[in-house]
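Asker: I'm passing along run20.txt; it holds compact mmCIF, C-alpha atoms.
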# COMPACT_ATOMS: atom_id res chain seq x y z
CA MET A 29 26.45 -5.43 -20.54
CA LYS A 30 24.79 -5.57 -17.19
CA ARG A 31 22.55 -2.73 -16.31
CA THR A 32 21.24 -1.82 -12.94
CA LEU A 33 17.76 -0.49 -12.81
CA PHE A 34 17.09 2.34 -10.46
CA ALA A 35 13.41 2.89 -10.05
CA ALA A 36 11.67 5.88 -8.62
CA PHE A 37 9.63 5.16 -5.57
CA ALA A 38 6.29 6.82 -5.90
CA ALA A 39 3.25 5.20 -4.47
CA LEU A 40 4.01 3.75 -1.06
CA ALA A 41 3.17 6.63 1.21
CA LEU A 42 4.31 5.44 4.60
CA GLY A 43 1.36 5.09 6.87
CA GLY A 44 -1.01 5.54 3.97
CA ALA A 45 -4.02 3.42 3.28
CA SER A 46 -4.85 1.34 0.24
CA LEU A 47 -1.90 -1.03 0.21
CA SER A 48 -2.03 -4.43 1.78
CA ALA A 49 -1.24 -4.26 5.44
CA HIS A 50 1.76 -6.38 6.31
CA HIS A 51 3.59 -7.66 9.31
CA SER A 52 6.67 -6.16 10.91
CA PHE A 53 9.86 -7.77 9.60
CA ALA A 54 11.49 -7.12 12.98
CA ALA A 55 8.90 -9.40 14.61
CA GLU A 56 9.94 -12.30 12.37
CA PHE A 57 13.55 -11.93 11.22
CA ASP A 58 16.93 -11.43 12.90
CA ILE A 59 19.00 -8.75 11.15
CA ASN A 60 22.04 -10.09 13.04
CA LYS A 61 21.70 -13.54 11.47
CA PRO A 62 22.51 -13.13 7.77
CA ILE A 63 22.62 -16.45 5.93
CA THR A 64 23.79 -17.44 2.48
CA LEU A 65 21.84 -20.21 0.79
CA GLN A 66 22.58 -21.89 -2.51
CA GLY A 67 19.81 -23.85 -4.10
CA THR A 68 17.22 -24.26 -6.81
CA VAL A 69 14.16 -22.04 -6.93
CA THR A 70 11.25 -24.50 -6.90
CA LYS A 71 8.43 -21.97 -6.68
CA VAL A 72 7.82 -18.23 -6.77
CA GLU A 73 4.60 -17.38 -4.98
CA TRP A 74 3.53 -13.95 -6.23
CA VAL A 75 1.12 -13.06 -3.42
CA ASN A 76 0.31 -10.28 -0.99
CA PRO A 77 1.38 -9.12 1.45
CA HIS A 78 4.82 -10.59 0.68
CA VAL A 79 6.30 -12.45 -2.25
CA TYR A 80 7.55 -15.92 -1.26
CA VAL A 81 10.38 -17.80 -2.92
CA TYR A 82 10.89 -21.50 -2.22
CA LEU A 83 14.40 -22.87 -2.44
CA ASP A 84 15.70 -26.45 -2.34
CA VAL A 85 19.11 -26.25 -0.67
CA LYS A 86 21.42 -29.22 -1.21
CA ASP A 87 24.24 -29.90 1.27
CA ALA A 88 27.62 -31.56 0.58
CA ASN A 89 26.08 -35.01 1.11
CA GLY A 90 23.32 -34.34 -1.37
CA LYS A 91 20.65 -33.93 1.30
CA VAL A 92 18.00 -31.44 0.19
CA THR A 93 16.45 -29.03 2.67
CA PRO A 94 13.53 -26.87 1.56
CA TRP A 95 13.64 -23.21 2.60
CA SER A 96 11.03 -20.50 2.21
CA LEU A 97 12.01 -16.88 1.82
CA SER A 98 9.88 -13.80 2.24
CA SER A 99 10.45 -10.62 0.26
CA LEU A 100 8.72 -7.25 -0.11
CA SER A 101 5.17 -6.97 -1.43
CA PRO A 102 4.45 -7.76 -5.09
CA GLY A 103 3.42 -4.11 -5.53
CA ALA A 104 6.73 -2.80 -4.18
CA ALA A 105 8.62 -5.30 -6.33
CA ARG A 106 6.75 -4.19 -9.44
CA ARG A 107 7.43 -0.54 -8.68
CA ALA A 108 11.10 -1.52 -8.62
CA GLY A 109 10.64 -2.99 -12.11
CA VAL A 110 10.78 -6.53 -10.74
CA THR A 111 8.24 -9.09 -11.91
CA ARG A 112 7.83 -12.76 -11.11
CA ALA A 113 10.17 -13.57 -14.02
CA ASN A 114 13.06 -11.91 -12.17
CA PHE A 115 12.94 -14.35 -9.26
CA GLY A 116 14.66 -17.27 -10.92
CA GLN A 117 12.02 -20.00 -11.13
CA GLY A 118 13.84 -23.29 -11.83
CA GLN A 119 17.31 -21.75 -11.63
CA THR A 120 20.19 -22.40 -9.24
CA VAL A 121 20.84 -19.25 -7.30
CA THR A 122 22.66 -17.92 -4.25
CA VAL A 123 20.55 -15.97 -1.80
CA LEU A 124 21.53 -13.56 0.94
CA ALA A 125 18.80 -13.68 3.56
CA TYR A 126 18.18 -12.99 7.25
CA HIS A 127 17.14 -15.96 9.34
CA SER A 128 13.77 -16.15 11.05
CA LYS A 129 13.77 -15.61 14.81
CA ASP A 130 11.87 -18.87 15.32
CA GLY A 131 14.78 -20.81 13.82
CA SER A 132 12.73 -22.50 11.12
CA ASN A 133 14.01 -22.83 7.53
CA PHE A 134 12.61 -19.43 6.73
CA GLY A 135 14.22 -16.09 6.07
CA PHE A 136 13.83 -12.63 4.59
CA MET A 137 15.51 -12.53 1.18
CA ARG A 138 17.66 -9.51 0.48
CA ARG A 139 19.55 -10.46 -2.67
CA MET A 140 19.47 -13.23 -5.25
CA THR A 141 22.60 -13.87 -7.33
CA PHE A 142 22.28 -15.84 -10.55
CA ALA A 143 24.79 -18.14 -12.27
CA ASP A 144 25.68 -15.43 -14.82
CA GLY A 145 26.49 -13.03 -11.98
CA HIS A 146 23.52 -10.72 -12.27
CA THR A 147 21.69 -9.87 -9.06
CA VAL A 148 18.24 -8.88 -7.90
CA GLU A 149 18.22 -6.98 -4.63
CA LEU A 150 15.06 -5.64 -2.98
CA TRP A 151 16.01 -4.14 0.33
CA LEU A 152 15.30 -1.28 2.70
CA GLY A 153 17.14 1.85 3.74
CA ASP A 154 18.70 5.06 2.55
CA ASP A 155 22.10 5.02 0.81
CA GLU A 156 22.65 8.60 2.02
CA ALA A 157 22.70 7.30 5.59
CA LYS A 158 25.88 5.26 4.93
CA LYS A 159 27.99 8.40 5.03
CA MET B 6 19.42 38.79 -26.93
CA THR B 7 20.64 39.68 -23.51
CA VAL B 8 20.61 37.26 -20.63
CA THR B 9 18.09 39.47 -18.83
CA THR B 10 15.74 39.36 -21.79
CA ALA B 11 16.07 35.60 -22.01
CA ILE B 12 15.22 35.24 -18.34
CA GLY B 13 12.32 37.62 -18.83
CA ILE B 14 10.96 35.49 -21.64
CA VAL B 15 11.32 32.36 -19.55
CA LEU B 16 9.52 34.01 -16.62
CA ALA B 17 6.78 35.30 -18.89
CA ALA B 18 6.34 31.83 -20.34
CA ALA B 19 6.18 30.35 -16.85
CA ALA B 20 3.60 32.93 -15.80
CA LEU B 21 1.54 32.25 -18.91
CA SER B 22 1.68 28.55 -18.17
CA ALA B 23 0.59 29.15 -14.58
CA GLN B 24 -2.30 31.32 -15.77
CA SER B 25 -3.53 28.95 -18.45
CA PRO B 26 -6.99 27.79 -17.41
CA ALA B 27 -7.28 24.56 -15.45
CA PRO B 28 -9.01 21.77 -17.34
CA ALA B 29 -12.77 22.12 -17.17
CA THR B 30 -14.71 19.80 -14.88
CA PRO B 31 -16.72 17.49 -17.13
CA HIS B 32 -20.31 16.48 -16.52
CA THR B 33 -22.32 13.48 -17.66
CA ALA B 34 -25.42 13.65 -19.89
CA ASP B 35 -27.64 13.69 -16.80
CA GLY B 36 -25.82 16.76 -15.50
CA LYS B 37 -23.84 15.15 -12.70
CA VAL B 38 -20.15 15.70 -12.20
CA ASP B 39 -18.33 13.05 -14.25
CA LEU B 40 -16.21 10.91 -11.93
CA ASN B 41 -15.41 8.22 -14.49
CA GLY B 42 -11.75 7.38 -14.63
CA ILE B 43 -8.68 5.88 -13.01
CA TRP B 44 -7.53 8.06 -10.14
CA GLY B 45 -4.26 8.43 -8.28
CA VAL B 46 -2.47 5.50 -9.87
CA ALA B 47 1.30 5.95 -10.13
CA PRO B 48 2.72 4.86 -13.50
CA LEU B 49 4.78 1.69 -13.33
CA PRO B 50 8.40 1.64 -14.50
CA PRO B 51 9.30 -0.73 -17.33
CA ALA B 52 9.69 -4.35 -16.23
CA ALA B 53 13.31 -5.46 -15.89
CA LYS B 54 14.53 -8.12 -18.30
CA PRO B 55 15.09 -11.54 -16.69
CA SER B 56 18.86 -11.11 -17.04
CA GLN B 57 18.92 -7.55 -15.74
CA SER B 58 20.40 -6.59 -12.38
CA VAL B 59 18.11 -4.65 -10.10
CA ARG B 60 18.91 -2.93 -6.83
CA TRP B 61 16.08 -1.11 -5.11
CA LEU B 62 15.65 0.17 -1.58
CA LEU B 63 12.34 0.70 0.11
CA PRO B 64 13.07 4.25 1.21
CA LEU B 65 13.71 4.74 4.92
CA LYS B 66 15.18 8.16 5.49
CA GLY B 67 18.21 8.03 7.75
CA VAL B 68 18.37 4.22 7.99
CA ASN B 69 21.67 2.72 6.77
CA PRO B 70 20.88 -0.22 4.45
CA GLU B 71 24.15 -1.88 5.58
CA GLY B 72 23.44 -1.43 9.28
CA ASN B 73 21.66 -3.72 11.71
CA ASP B 74 18.76 -1.31 12.24
CA VAL B 75 16.93 -1.93 8.99
CA PHE B 76 13.95 -3.97 10.20
CA LYS B 77 13.41 -1.96 13.38
CA GLY B 78 14.06 1.20 11.37
CA LEU B 79 11.13 0.42 9.08
CA ASP B 80 8.83 0.08 12.08
CA ARG B 81 10.22 3.18 13.78
CA VAL B 82 9.96 5.44 10.71
CA GLN B 83 6.33 4.51 10.18
CA VAL B 84 5.33 4.70 13.85
CA ASN B 85 7.05 8.07 14.23
CA ALA B 86 5.44 9.46 11.09
CA ARG B 87 2.01 8.56 12.39
CA ALA B 88 2.80 9.87 15.88
CA ALA B 89 3.81 13.21 14.36
CA ALA B 90 0.62 13.49 12.31
CA SER B 91 -1.69 16.16 13.62
CA ASN B 92 -4.96 14.69 12.39
CA LYS B 93 -5.97 11.61 14.36
CA PRO B 94 -9.25 10.19 15.64
CA GLU B 95 -10.07 11.26 19.17
CA TYR B 96 -11.34 8.48 21.44
CA LYS B 97 -13.35 8.79 24.59
CA PRO B 98 -10.97 9.16 27.55
CA GLU B 99 -12.06 5.87 29.12
CA LEU B 100 -11.06 4.02 25.91
CA LEU B 101 -7.56 5.44 25.48
CA ALA B 102 -6.02 2.54 27.42
CA LYS B 103 -7.74 0.04 25.13
CA VAL B 104 -6.54 1.88 22.03
CA LYS B 105 -3.00 1.85 23.37
CA GLU B 106 -3.14 -1.86 24.17
CA LEU B 107 -4.43 -2.69 20.69
CA SER B 108 -1.76 -0.44 19.19
CA ASP B 109 1.01 -2.10 21.21
CA LYS B 110 -0.18 -5.50 19.98
CA GLN B 111 -0.90 -4.30 16.45
CA GLY B 112 1.60 -6.77 15.03
CA VAL B 113 -0.70 -9.64 15.96
CA LEU B 114 -4.13 -8.02 16.44
CA ASP B 115 -4.61 -5.80 13.37
CA PRO B 116 -7.42 -7.54 11.42
CA ALA B 117 -5.95 -6.40 8.11
CA PHE B 118 -2.87 -8.54 8.79
CA TYR B 119 -4.87 -11.69 8.23
CA CYS B 120 -5.94 -10.88 4.69
CA LYS B 121 -9.24 -9.41 5.77
CA PRO B 122 -10.42 -6.32 3.89
CA GLN B 123 -9.15 -3.05 5.37
CA GLY B 124 -12.73 -1.85 4.90
CA VAL B 125 -14.19 1.64 4.68
CA PRO B 126 -12.60 4.08 5.35
CA ARG B 127 -9.12 2.54 5.83
CA MET B 128 -9.02 1.22 2.25
CA GLY B 129 -9.01 4.82 1.09
CA PRO B 130 -10.32 6.19 -2.20
CA PRO B 131 -11.18 3.95 -5.15
CA THR B 132 -8.60 3.51 -7.89
CA GLN B 133 -11.26 3.54 -10.61
CA ILE B 134 -14.78 4.95 -10.73
CA VAL B 135 -17.44 3.79 -13.20
CA GLN B 136 -20.49 6.01 -13.22
CA THR B 137 -23.87 5.29 -14.76
CA PRO B 138 -27.19 7.07 -14.24
CA GLY B 139 -28.45 5.93 -10.86
CA GLN B 140 -25.32 4.20 -9.61
CA VAL B 141 -21.59 4.64 -9.16
CA LEU B 142 -19.10 1.77 -8.96
CA PHE B 143 -15.92 2.07 -6.92
CA LEU B 144 -13.12 -0.32 -7.90
CA TYR B 145 -10.12 -1.00 -5.67
CA SER B 146 -7.18 -2.43 -7.55
CA ALA B 147 -4.99 -3.23 -4.54
CA SER B 148 -7.51 -5.75 -3.25
CA ASN B 149 -9.74 -6.67 -6.24
CA LEU B 150 -12.68 -5.27 -4.26
CA PHE B 151 -15.62 -3.21 -5.47
CA ARG B 152 -18.50 -1.18 -4.07
CA ILE B 153 -21.80 -0.45 -5.81
CA ILE B 154 -23.28 2.86 -4.69
CA PRO B 155 -26.87 3.65 -5.71
CA THR B 156 -27.45 7.34 -6.47
CA ASP B 157 -31.14 7.06 -7.39
CA GLY B 158 -32.44 8.25 -4.05
CA ARG B 159 -33.18 4.86 -2.52
CA PRO B 160 -32.58 4.46 1.23
CA HIS B 161 -30.07 2.14 2.88
CA ARG B 162 -31.11 -1.46 2.53
CA ALA B 163 -32.32 -3.18 5.66
CA ASP B 164 -31.74 -6.81 4.71
CA ALA B 165 -27.95 -7.04 4.63
CA ASP B 166 -25.53 -8.34 7.24
CA PRO B 167 -22.98 -5.92 8.67
CA SER B 168 -19.89 -5.94 6.46
CA TYR B 169 -16.34 -4.66 5.99
CA MET B 170 -17.31 -1.99 3.48
CA GLY B 171 -20.79 -1.32 4.83
CA ASP B 172 -23.91 -0.29 2.92
CA SER B 173 -23.48 2.78 0.75
CA ILE B 174 -25.88 5.24 -0.84
CA GLY B 175 -24.75 8.32 -2.75
CA ARG B 176 -26.03 11.72 -3.73
CA PHE B 177 -24.55 14.58 -5.74
CA GLU B 178 -24.06 18.02 -4.21
CA GLY B 179 -22.73 20.22 -6.99
CA ASP B 180 -19.47 18.66 -8.19
CA THR B 181 -19.23 16.46 -5.10
CA LEU B 182 -20.41 12.88 -4.69
CA VAL B 183 -21.41 12.34 -1.06
CA VAL B 184 -21.49 8.68 0.00
CA ASP B 185 -23.25 7.72 3.20
CA VAL B 186 -22.12 4.38 4.64
CA VAL B 187 -23.61 2.38 7.51
CA ASN B 188 -24.04 -1.26 8.56
CA PHE B 189 -20.41 -2.05 9.22
CA ASN B 190 -19.04 -5.03 11.09
CA ASP B 191 -16.45 -4.29 13.79
CA ASP B 192 -13.66 -6.34 12.20
CA THR B 193 -11.72 -3.41 10.76
CA TRP B 194 -9.62 -0.62 12.21
CA LEU B 195 -9.53 3.00 11.09
CA GLY B 196 -5.74 2.91 11.05
CA SER B 197 -2.72 1.05 12.35
CA ASP B 198 -2.68 2.52 15.84
CA GLY B 199 -5.38 0.42 17.41
CA TYR B 200 -8.19 2.61 16.09
CA PHE B 201 -11.06 0.19 16.61
CA HIS B 202 -14.73 0.98 16.09
CA THR B 203 -18.14 -0.58 16.67
CA GLU B 204 -20.94 -1.61 14.34
CA LYS B 205 -22.49 1.80 15.07
CA MET B 206 -19.86 3.51 12.90
CA HIS B 207 -21.20 5.95 10.31
CA VAL B 208 -18.98 7.16 7.50
CA VAL B 209 -19.60 9.99 5.04
CA GLU B 210 -17.19 10.13 2.12
CA ARG B 211 -16.86 13.17 -0.10
CA LEU B 212 -15.37 13.02 -3.60
CA THR B 213 -15.03 16.38 -5.35
CA ARG B 214 -13.78 16.75 -8.91
CA LYS B 215 -12.06 19.94 -10.03
CA GLY B 216 -10.65 19.57 -13.53
CA ASP B 217 -8.46 16.49 -13.55
CA VAL B 218 -8.12 16.23 -9.77
CA LEU B 219 -10.38 14.27 -7.45
CA THR B 220 -10.27 15.16 -3.76
CA TYR B 221 -11.27 12.45 -1.29
CA SER B 222 -11.95 12.61 2.40
CA ALA B 223 -14.11 10.70 4.86
CA THR B 224 -15.81 11.74 8.07
CA ILE B 225 -16.16 8.96 10.62
CA ASP B 226 -18.51 9.03 13.54
CA ASP B 227 -18.95 6.31 16.12
CA PRO B 228 -20.64 7.74 19.20
CA GLU B 229 -19.84 4.54 21.09
CA VAL B 230 -16.08 5.11 20.97
CA LEU B 231 -15.13 8.47 19.41
CA ALA B 232 -15.23 11.68 21.42
CA LYS B 233 -16.20 13.53 18.25
CA PRO B 234 -16.45 12.83 14.50
CA TRP B 235 -13.11 12.52 12.72
CA THR B 236 -12.46 13.79 9.20
CA THR B 237 -9.48 12.33 7.35
CA THR B 238 -6.97 14.63 5.72
CA PRO B 239 -8.17 15.22 2.12
CA ARG B 240 -6.21 13.41 -0.56
CA ASP B 241 -5.84 14.73 -4.10
CA LEU B 242 -5.88 12.09 -6.82
CA LYS B 243 -4.88 12.89 -10.36
CA LEU B 244 -6.77 11.49 -13.33
CA SER B 245 -4.76 8.85 -15.20
CA THR B 246 -4.67 9.27 -18.94
CA ASN B 247 -2.02 6.69 -19.79
CA PRO B 248 -3.49 3.44 -21.15
CA SER B 249 -0.81 1.51 -19.22
CA ASP B 250 -2.41 2.68 -15.97
CA ALA B 251 -5.38 0.35 -16.59
CA LEU B 252 -6.05 -1.66 -13.47
CA LEU B 253 -4.61 -5.14 -13.23
CA GLU B 254 -5.73 -8.05 -11.09
CA ALA B 255 -3.97 -7.80 -7.74
CA PRO B 256 -2.13 -10.86 -6.46
CA PRO B 257 -4.24 -12.61 -3.82
CA CYS B 258 -3.53 -12.17 -0.13
CA VAL B 259 -2.09 -15.36 1.33
CA GLU B 260 -1.12 -15.24 4.97
CA HIS B 261 2.10 -17.15 5.75
CA ASP B 262 3.63 -14.95 8.43
CA ALA B 263 1.50 -15.37 11.54
CA PRO B 264 3.16 -18.63 12.70
CA HIS B 265 6.59 -16.95 12.53
CA ILE B 266 5.80 -13.83 14.56
CA VAL B 267 8.00 -13.99 17.62
CA THR B 268 7.90 -10.45 19.04
CA LEU B 269 5.40 -7.59 19.23
CA ASP B 270 7.42 -5.31 16.96
CA HIS B 271 5.03 -3.49 14.67
CA HIS B 272 4.71 -0.61 12.30
Turn the structure described in the file into structure tokens.
Answerer:
Amino acid sequence: MKRTLFAAFAALALGGASLSAHHSFAAEFDINKPITLQGTVTKVEWVNPHVYVYLDVKDANGKVTPWSLSSLSPGAARRAGVTRANFGQGQTVTVLAYHSKDGSNFGFMRRMTFADGHTVELWLGDDEAKK
Amino acid sequence: MTVTTAIGIVLAAAALSAQSPAPATPHTADGKVDLNGIWGVAPLPPAAKPSQSVRWLLPLKGVNPEGNDVFKGLDRVQVNARAAASNKPEYKPELLAKVKELSDKQGVLDPAFYCKPQGVPRMGPPTQIVQTPGQVLFLYSASNLFRIIPTDGRPHRADADPSYMGDSIGRFEGDTLVVDVVNFNDDTWLGSDGYFHTEKMHVVERLTRKGDVLTYSATIDDPEVLAKPWTTTPRDLKLSTNPSDALLEAPPCVEHDAPHIVTLDHH
């Protein structure tokens, strides 16, 4: 049975000190350019201020294009219960991301879907605001 | 038992609980307030299994996670929260334009964005304190940084270069550790809104223990740029007693983003 983990958000006081300072996502990524990438996770870089996932994306002709994907901070991921082991090292995955504004093979990863159908989504917002 | 009686018992129990004495403030063998411990660390949830689905939202009140306002919403929520705060450093009038310019370009100018230490006082209170007679060690788990603070009455050292965390000496005043910090470099900000300072900055931190709560605040003076000294809003940090709260090595800071920054959006 698949379970979804809902984690309480405790430590990241907005505007507070003590956490790594990080760049504005709006300065780097285009929310209006969602992209879906299928590929193999070649590396998970568990670093501050943002976790990076590296993906080899193969097209229909077999040509491989490397992509890099930024995520939230390792601290935020861990407070969501997510560790490095949840980011699919060596596995073939499908990723929903938002393309970088500079057009390079770089994006902000929202959700990773695995071959067995389970998903890891680290995102931003307030579900109450959907109403 | 009537419902009223039951409520009465519950209220009495609550009152008793509220009146039970707060934990005593411990002291070390040399009579100083005992600051040893891990402070203000939120317990971590269990790690998800590798096959487990996880959905988690970095909370942004009022921002629809399915909308196209998510990235700008993050910036806006944080900028607005800081703008609404009542306690901010007050700069000399002739420097307000510079502060605003730095703030507007924070996304590319904030030194902390390039993996440099946030420095004192922006790095906030330590996450663990180790106290021995004559010195106190501050450990910062978010950045793997430390400070060694002599409390044996020696003066500031005169042979060190200016630095991000400055030169600290401490003294005890009752149950408060007072840390005097000088000899800073000017490569840190006091906060995200362009709050620069000079090497003349002088910081006095106060850490007061009452029972199992440590209260931290810092007073910053920099006569070159501030109109008057600024005292940060005190923060209460609870003592951690759970062994799982032991500090872990923080992942290193590796800057990959700067080449991809296209606009001056910031938070």
Asker: Please, which residues in chain B fall within 7 Å of chain A when counting all atoms listed in the file, and what is the closest atom pair and distance in Å to one decimal for each, ordered by chain then residue number, as CSV?
Answerer:
residue,atom,partner,partner_atom,distance
B:Ala47,CA,A:Ala39,CA,6.0
B:Leu49,CA,A:Arg107,CA,5.8
B:Pro50,CA,A:Gly109,CA,5.7
B:Pro51,CA,A:Gly109,CA,5.8
B:Ala52,CA,A:Gly109,CA,4.4
B:Ala53,CA,A:Gly109,CA,5.2
B:Pro55,CA,A:Asn114,CA,5.0
B:Ser56,CA,A:His146,CA,6.7
B:Gln57,CA,A:Arg31,CA,6.1
B:Ser58,CA,A:Thr147,CA,4.8
B:Val59,CA,A:Val148,CA,4.8
B:Arg60,CA,A:Glu149,CA,4.7
B:Trp61,CA,A:Leu150,CA,5.1
B:Leu62,CA,A:Leu152,CA,4.5
B:Leu63,CA,A:Leu152,CA,4.4
B:Pro64,CA,A:Gly153,CA,5.4
B:Leu65,CA,A:Gly153,CA,4.6
B:Lys66,CA,A:Asp154,CA,5.5
B:Gly67,CA,A:Ala157,CA,5.0
B:Val68,CA,A:Gly153,CA,5.0
B:Asn69,CA,A:Ala157,CA,4.8
B:Pro70,CA,A:Gly153,CA,4.3
B:Asn73,CA,A:Ile59,CA,5.7
B:Val75,CA,A:Gly153,CA,6.5
B:Phe76,CA,A:Ala54,CA,4.9
B:Lys77,CA,A:Ala54,CA,5.5
B:Asp80,CA,A:Ser52,CA,6.7
B:Gln83,CA,A:Gly43,CA,6.0
B:Arg87,CA,A:Gly43,CA,6.6
B:Gly112,CA,A:His51,CA,6.1
B:Ala117,CA,A:Ala49,CA,5.8
B:Phe118,CA,A:Ala49,CA,5.7
B:Arg127,CA,A:Ala45,CA,5.8
B:Met128,CA,A:Ser46,CA,4.6
B:Gly129,CA,A:Ser46,CA,5.5
B:Ala147,CA,A:Leu47,CA,6.1
B:Pro256,CA,A:Val75,CA,5.0
B:Pro257,CA,A:Val75,CA,5.4
B:Cys258,CA,A:Asn76,CA,4.4
B:Val259,CA,A:Asn76,CA,6.1
B:His265,CA,A:Glu56,CA,5.7
B:Ile266,CA,A:Glu56,CA,4.9
B:Val267,CA,A:Ala55,CA,5.6
B:Thr268,CA,A:Ala55,CA,4.7
B:Leu269,CA,A:Ala55,CA,6.1
B:Asp270,CA,A:Ala55,CA,4.9
B:His271,CA,A:Ser52,CA,4.9
B:His272,CA,A:Ser52,CA,6.0
Asker: Keeping C-alpha atoms, export the residues of the selection given above as a compact mmCIF listing (two decimals), in the frame of the given file.
Answerer:
# COMPACT_ATOMS: atom_id res chain seq x y z
CA ALA B 47 1.30 5.95 -10.13
CA LEU B 49 4.78 1.69 -13.33
CA PRO B 50 8.40 1.64 -14.50
CA PRO B 51 9.30 -0.73 -17.33
CA ALA B 52 9.69 -4.35 -16.23
CA ALA B 53 13.31 -5.46 -15.89
CA PRO B 55 15.09 -11.54 -16.69
CA SER B 56 18.86 -11.11 -17.04
CA GLN B 57 18.92 -7.55 -15.74
CA SER B 58 20.40 -6.59 -12.38
CA VAL B 59 18.11 -4.65 -10.10
CA ARG B 60 18.91 -2.93 -6.83
CA TRP B 61 16.08 -1.11 -5.11
CA LEU B 62 15.65 0.17 -1.58
CA LEU B 63 12.34 0.70 0.11
CA PRO B 64 13.07 4.25 1.21
CA LEU B 65 13.71 4.74 4.92
CA LYS B 66 15.18 8.16 5.49
CA GLY B 67 18.21 8.03 7.75
CA VAL B 68 18.37 4.22 7.99
CA ASN B 69 21.67 2.72 6.77
CA PRO B 70 20.88 -0.22 4.45
CA ASN B 73 21.66 -3.72 11.71
CA VAL B 75 16.93 -1.93 8.99
CA PHE B 76 13.95 -3.97 10.20
CA LYS B 77 13.41 -1.96 13.38
CA ASP B 80 8.83 0.08 12.08
CA GLN B 83 6.33 4.51 10.18
CA ARG B 87 2.01 8.56 12.39
CA GLY B 112 1.60 -6.77 15.03
CA ALA B 117 -5.95 -6.40 8.11
CA PHE B 118 -2.87 -8.54 8.79
CA ARG B 127 -9.12 2.54 5.83
CA MET B 128 -9.02 1.22 2.25
CA GLY B 129 -9.01 4.82 1.09
CA ALA B 147 -4.99 -3.23 -4.54
CA PRO B 256 -2.13 -10.86 -6.46
CA PRO B 257 -4.24 -12.61 -3.82
CA CYS B 258 -3.53 -12.17 -0.13
CA VAL B 259 -2.09 -15.36 1.33
CA HIS B 265 6.59 -16.95 12.53
CA ILE B 266 5.80 -13.83 14.56
CA VAL B 267 8.00 -13.99 17.62
CA THR B 268 7.90 -10.45 19.04
CA LEU B 269 5.40 -7.59 19.23
CA ASP B 270 7.42 -5.31 16.96
CA HIS B 271 5.03 -3.49 14.67
CA HIS B 272 4.71 -0.61 12.30
Asker: CA of Lys86 in chain A to CA of Ile63 in chain A: how many Å, to one decimal?
Answerer: 14.7 Å
Asker: Provide the CA of Lys110 in chain B to CA of Tyr145 in chain B distance in Å, to one decimal place.
Answerer: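 Computing the Euclidean distance for CA of Lys110 in chain B and CA of Tyr145 in chain B yields 27.9 Å.
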Asker: For the atom pair CA of Tyr96 in chain B and CA of Val230 in chain B, what is the interatomic distance in Å to one decimal place?
Answerer: 5.8 Å
Asker: Near Asn190 in chain B, within 8 Å and counting only C-alpha atoms, which residues show up once chain neighbours fewer than 3 positions away are dropped, as a list in words?
Answerer: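 Here the qualifying residues turn out to be Pro167, Ser168, Tyr169, Gly171, Thr193, Thr203 and Glu204 of chain B.
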Asker: Emit as JSON the padded axis-aligned box for all listed atoms of range 187-203 of chain B, 3 Å per side, with centre and edge lengths in Å to one decimal.
Answerer:
{"center_x": -13.4, "center_y": -1.7, "center_z": 12.5, "size_x": 27.4, "size_y": 15.3, "size_z": 15.9}
Asker: Nearest to Leu124 in chain A: which of A:Asp84, A:Gly90, A:Pro62, A:Ser99 is it, counting only C-alpha atoms?
Answerer: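 With only C-alpha atoms as the atom set, the closest residue is A:Pro62.
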Asker: Using only C-alpha atoms, can you tell me which of B:Arg162, B:Gly36, B:Gly42, B:Thr220 comes closest to Ser245 in chain B?
Answerer: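 With only C-alpha atoms as the atom set, the closest residue is B:Gly42.
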